[in-house]
Structure formats: C-alpha cells, structure tokens
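A.B. asks: Input structure: protein-v2.cif, which contains mmCIF, C-alpha atoms.
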data_coords
loop_
_atom_site.group_PDB
_atom_site.id
_atom_site.type_symbol
_atom_site.label_atom_id
_atom_site.label_comp_id
_atom_site.auth_asym_id
_atom_site.auth_seq_id
_atom_site.Cartn_x
_atom_site.Cartn_y
_atom_site.Cartn_z
ATOM 1 C CA GLY A 1 0.000 0.000 0.000
ATOM 2 C CA ASN A 2 0.866 3.666 -0.052
ATOM 3 C CA ASN A 3 2.834 4.578 3.080
ATOM 4 C CA LEU A 4 3.180 8.273 2.280
ATOM 5 C CA TRP A 5 0.894 9.120 5.212
ATOM 6 C CA LEU A 6 3.302 7.245 7.492
ATOM 7 C CA GLU A 7 6.304 9.323 6.460
ATOM 8 C CA LYS A 8 4.251 12.515 6.664
ATOM 9 C CA LEU A 9 3.102 11.725 10.187
ATOM 10 C CA ILE A 10 6.581 10.803 11.404
ATOM 11 C CA SER A 11 8.007 14.018 9.928
ATOM 12 C CA LYS A 12 5.726 15.965 12.300
ATOM 13 C CA LEU A 13 7.206 14.294 15.403
ATOM 14 C CA THR A 14 9.937 15.866 17.512
ATOM 15 C CA GLU A 15 13.333 14.152 17.577
ATOM 16 C CA LYS A 16 12.706 12.726 21.053
ATOM 17 C CA VAL A 17 9.430 10.825 21.334
ATOM 18 C CA TYR A 18 7.533 9.248 24.231
ATOM 19 C CA ILE A 19 4.893 6.749 23.112
ATOM 20 C CA THR A 20 1.689 5.997 25.007
ATOM 21 C CA ILE A 21 -0.419 3.158 23.655
ATOM 22 C CA ASP A 22 -3.965 2.762 24.912
ATOM 23 C CA LEU A 23 -4.847 -0.811 23.975
ATOM 24 C CA ASP A 24 -8.338 0.181 22.889
ATOM 25 C CA VAL A 25 -6.682 1.586 19.745
ATOM 26 C CA PHE A 26 -6.680 -2.028 18.507
ATOM 27 C CA ASP A 27 -9.703 -3.537 16.827
ATOM 28 C CA PRO A 28 -11.734 -5.634 19.297
ATOM 29 C CA SER A 29 -11.287 -8.639 16.999
ATOM 30 C CA ILE A 30 -7.707 -8.836 18.312
ATOM 31 C CA MET A 31 -7.999 -6.882 21.593
ATOM 32 C CA PRO A 32 -11.407 -7.301 23.242
ATOM 33 C CA SER A 33 -10.023 -6.876 26.781
ATOM 34 C CA THR A 34 -10.156 -3.098 27.140
ATOM 35 C CA GLY A 35 -12.443 -0.720 28.950
ATOM 36 C CA THR A 36 -13.888 0.672 25.721
ATOM 37 C CA PRO A 37 -13.533 -1.729 22.775
ATOM 38 C CA GLU A 38 -14.459 0.109 19.573
ATOM 39 C CA PRO A 39 -14.916 -1.456 16.140
ATOM 40 C CA GLY A 40 -12.687 -0.165 13.383
ATOM 41 C CA GLY A 41 -9.508 -0.067 15.429
ATOM 42 C CA LEU A 42 -5.978 -0.741 14.258
ATOM 43 C CA LEU A 43 -4.778 -4.194 13.350
ATOM 44 C CA TRP A 44 -1.591 -5.833 14.614
ATOM 45 C CA TYR A 45 0.723 -5.610 11.603
ATOM 46 C CA ASP A 46 -0.333 -2.083 10.613
ATOM 47 C CA CYS A 47 0.362 -0.839 14.116
ATOM 48 C CA LEU A 48 3.714 -2.632 14.328
ATOM 49 C CA ALA A 49 4.817 -1.225 10.962
ATOM 50 C CA PHE A 50 4.067 2.297 12.159
ATOM 51 C CA LEU A 51 5.767 1.831 15.533
ATOM 52 C CA LYS A 52 8.845 0.229 13.985
ATOM 53 C CA LYS A 53 9.193 3.188 11.629
ATOM 54 C CA VAL A 54 8.924 5.631 14.554
ATOM 55 C CA PHE A 55 11.719 3.781 16.364
ATOM 56 C CA GLU A 56 13.849 3.844 13.186
ATOM 57 C CA LYS A 57 13.356 7.551 12.477
ATOM 58 C CA ARG A 58 13.148 9.075 15.976
ATOM 59 C CA ASN A 59 14.735 8.704 19.411
ATOM 60 C CA VAL A 60 12.059 6.962 21.464
ATOM 61 C CA VAL A 61 12.904 7.827 25.070
ATOM 62 C CA GLY A 62 10.187 5.693 26.651
ATOM 63 C CA PHE A 63 6.776 4.161 26.264
ATOM 64 C CA ASP A 64 3.824 2.903 28.238
ATOM 65 C CA ILE A 65 0.901 0.654 27.461
ATOM 66 C CA MET A 66 -2.410 1.004 29.239
ATOM 67 C CA GLU A 67 -5.981 -0.184 29.576
ATOM 68 C CA LEU A 68 -5.609 -3.944 29.518
ATOM 69 C CA CYS A 69 -8.638 -5.362 31.321
ATOM 70 C CA PRO A 70 -7.736 -9.036 31.775
ATOM 71 C CA ASN A 71 -10.494 -11.576 31.245
ATOM 72 C CA ASP A 72 -10.055 -14.989 32.869
ATOM 73 C CA ASN A 73 -11.942 -16.585 29.968
ATOM 74 C CA ASN A 74 -9.716 -15.126 27.232
ATOM 75 C CA LYS A 75 -5.957 -14.967 27.739
ATOM 76 C CA ALA A 76 -5.028 -14.061 24.132
ATOM 77 C CA PRO A 77 -5.286 -10.278 24.719
ATOM 78 C CA ASP A 78 -2.866 -10.597 27.650
ATOM 79 C CA PHE A 79 -0.336 -12.183 25.300
ATOM 80 C CA LEU A 80 -0.933 -9.458 22.698
ATOM 81 C CA ALA A 81 -0.078 -6.799 25.292
ATOM 82 C CA ALA A 82 3.028 -8.712 26.417
ATOM 83 C CA LYS A 83 4.173 -9.269 22.841
ATOM 84 C CA LEU A 84 3.667 -5.588 22.061
ATOM 85 C CA ILE A 85 5.991 -4.680 24.946
ATOM 86 C CA TYR A 86 8.515 -7.244 23.681
ATOM 87 C CA LYS A 87 8.343 -5.808 20.146
ATOM 88 C CA LEU A 88 8.818 -2.210 21.315
ATOM 89 C CA LEU A 89 11.809 -3.189 23.447
ATOM 90 C CA SER A 90 13.311 -5.085 20.509
ATOM 91 C CA TYR A 91 12.843 -2.050 18.240
ATOM 92 C CA LYS A 92 14.586 0.162 20.797
ATOM 93 C CA PHE A 93 17.503 -2.123 21.586
ATOM 94 C CA ARG A 94 18.139 -3.765 18.212
ATOM 95 C CA GLU A 95 21.740 -3.922 17.095
#
Mind converting the file's structure to structure tokens?

C.D. replies:
Amino acid sequence: GNNLWLEKLISKLTEKVYITIDLDVFDPSIMPSTGTPEPGGLLWYDCLAFLKKVFEKRNVVGFDIMELCPNDNNKAPDFLAAKLIYKLLSYKFRE
C-alpha cells in the first residue's frame, strides 16, 4: 500500500518521542479486553509497521501501554499486550 501518510506523520514528530499506547486503539477482533472496545480499530501488523518506523526515524525515550482489562476466559489479549511490549523493546535495543 501507499505509506506516504506514514512518512508525513513521522516528519511531524519531535526528535525525542515518548509513546503511550492505549490498547483500545486495537480492533476488538484482536484486543477485546479493554475498557472501551471500539470497532474499526488498528490491526496488529499495521500498528507494528508504524511503531517500527517511529523507532527507526526518531529517538524513542520511553513508552507505556495502558488499559488492559484481563479476562479470565480469554488470555489471548494478555499475550498481545506482552508481545507488544517485547516488540517495542526489541525495536529500541536492536543492534
């Protein structure tokens, strides 16, 4: 697809960036365990592509992830949140 919007958005960021991710940004089909699940949210690979590009182009000084509402009957969203943290750390500390 056309990623021009991605480059345009990143060009508007300051050199040092702090990222806050509210998990309800994800589509409820992959992240139903939030306080306010909304249809039409981001999907996994689109979000990762954007975040990876931010880490490549800017100095990410920190990040936080919020609004996971664990559900004992569905553990998959817990793993999504954990994997997201793992991915962001790997983007920051890659060699």

A.B. asks: Could you pull the residues within 8 Å of stretch 90-94 of chain A, counting only C-alpha atoms, minus those fewer than 4 positions along the same chain, as JSON, numbers by chain?

C.D. replies: {"A": [52, 55, 56, 60, 86]}

A.B. asks: So how far away is atom CA of A:Thr14 from atom CA of A:Leu42, in Å?

C.D. replies: 23.2 Å

A.B. asks: Mind telling me what the PyMOL selection byres ((chain A and resi 64) around 9) catches here, as a list in words?

C.D. replies: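 Residues picked by the PyMOL selection byres ((chain A and resi 64) around 9): Tyr18, Ile19, Thr20, Ile21, Asp22, Gly62, Phe63, Ile65, Met66 and Ile85 of chain A.
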
A.B. asks: Using all atoms of stretch 14-26 of chain A listed in the file and a margin of 6 Å per side, can you give the axis-aligned box centre and edge lengths in Å to one decimal, as JSON?

C.D. replies:
{"center_x": 2.5, "center_y": 6.9, "center_z": 21.3, "size_x": 33.7, "size_y": 29.9, "size_z": 19.5}

A.B. asks: Quick one: residues within 10 Å of A:Val54, only C-alpha atoms counted, chain neighbours fewer than 6 positions away excluded, as a compact mmCIF listing (two decimals) with C-alpha atoms, keeping the file's coordinate frame?

C.D. replies:
# COMPACT_ATOMS: atom_id res chain seq x y z
CA LEU A 6 3.30 7.24 7.49
CA GLU A 7 6.30 9.32 6.46
CA LEU A 9 3.10 11.72 10.19
CA ILE A 10 6.58 10.80 11.40
CA SER A 11 8.01 14.02 9.93
CA LEU A 13 7.21 14.29 15.40
CA VAL A 17 9.43 10.82 21.33
CA ILE A 19 4.89 6.75 23.11
CA LEU A 48 3.71 -2.63 14.33
CA VAL A 60 12.06 6.96 21.46
CA TYR A 91 12.84 -2.05 18.24

A.B. asks: Report as an NGL selection string the full result of the PyMOL selection byres ((chain A and resi 67) around 7) when it is applied to this structure.

C.D. replies: :A and (22-23 or 34-35 or 66 or 68-69)

A.B. asks: Please return, as a ChimeraX atom specification, all polymer residues that have at least one atom within 12 Å of the point (-1.0, -8.5, 12.4); use only C-alpha atoms and the file's own coordinate frame.

C.D. replies: /A:26-27,29-31,42-50,80,83-84

A.B. asks: When you draw a straight line from atom CA of A:Pro39 to atom CA of A:Leu89, how long is it in Å?

C.D. replies: 27.8 Å
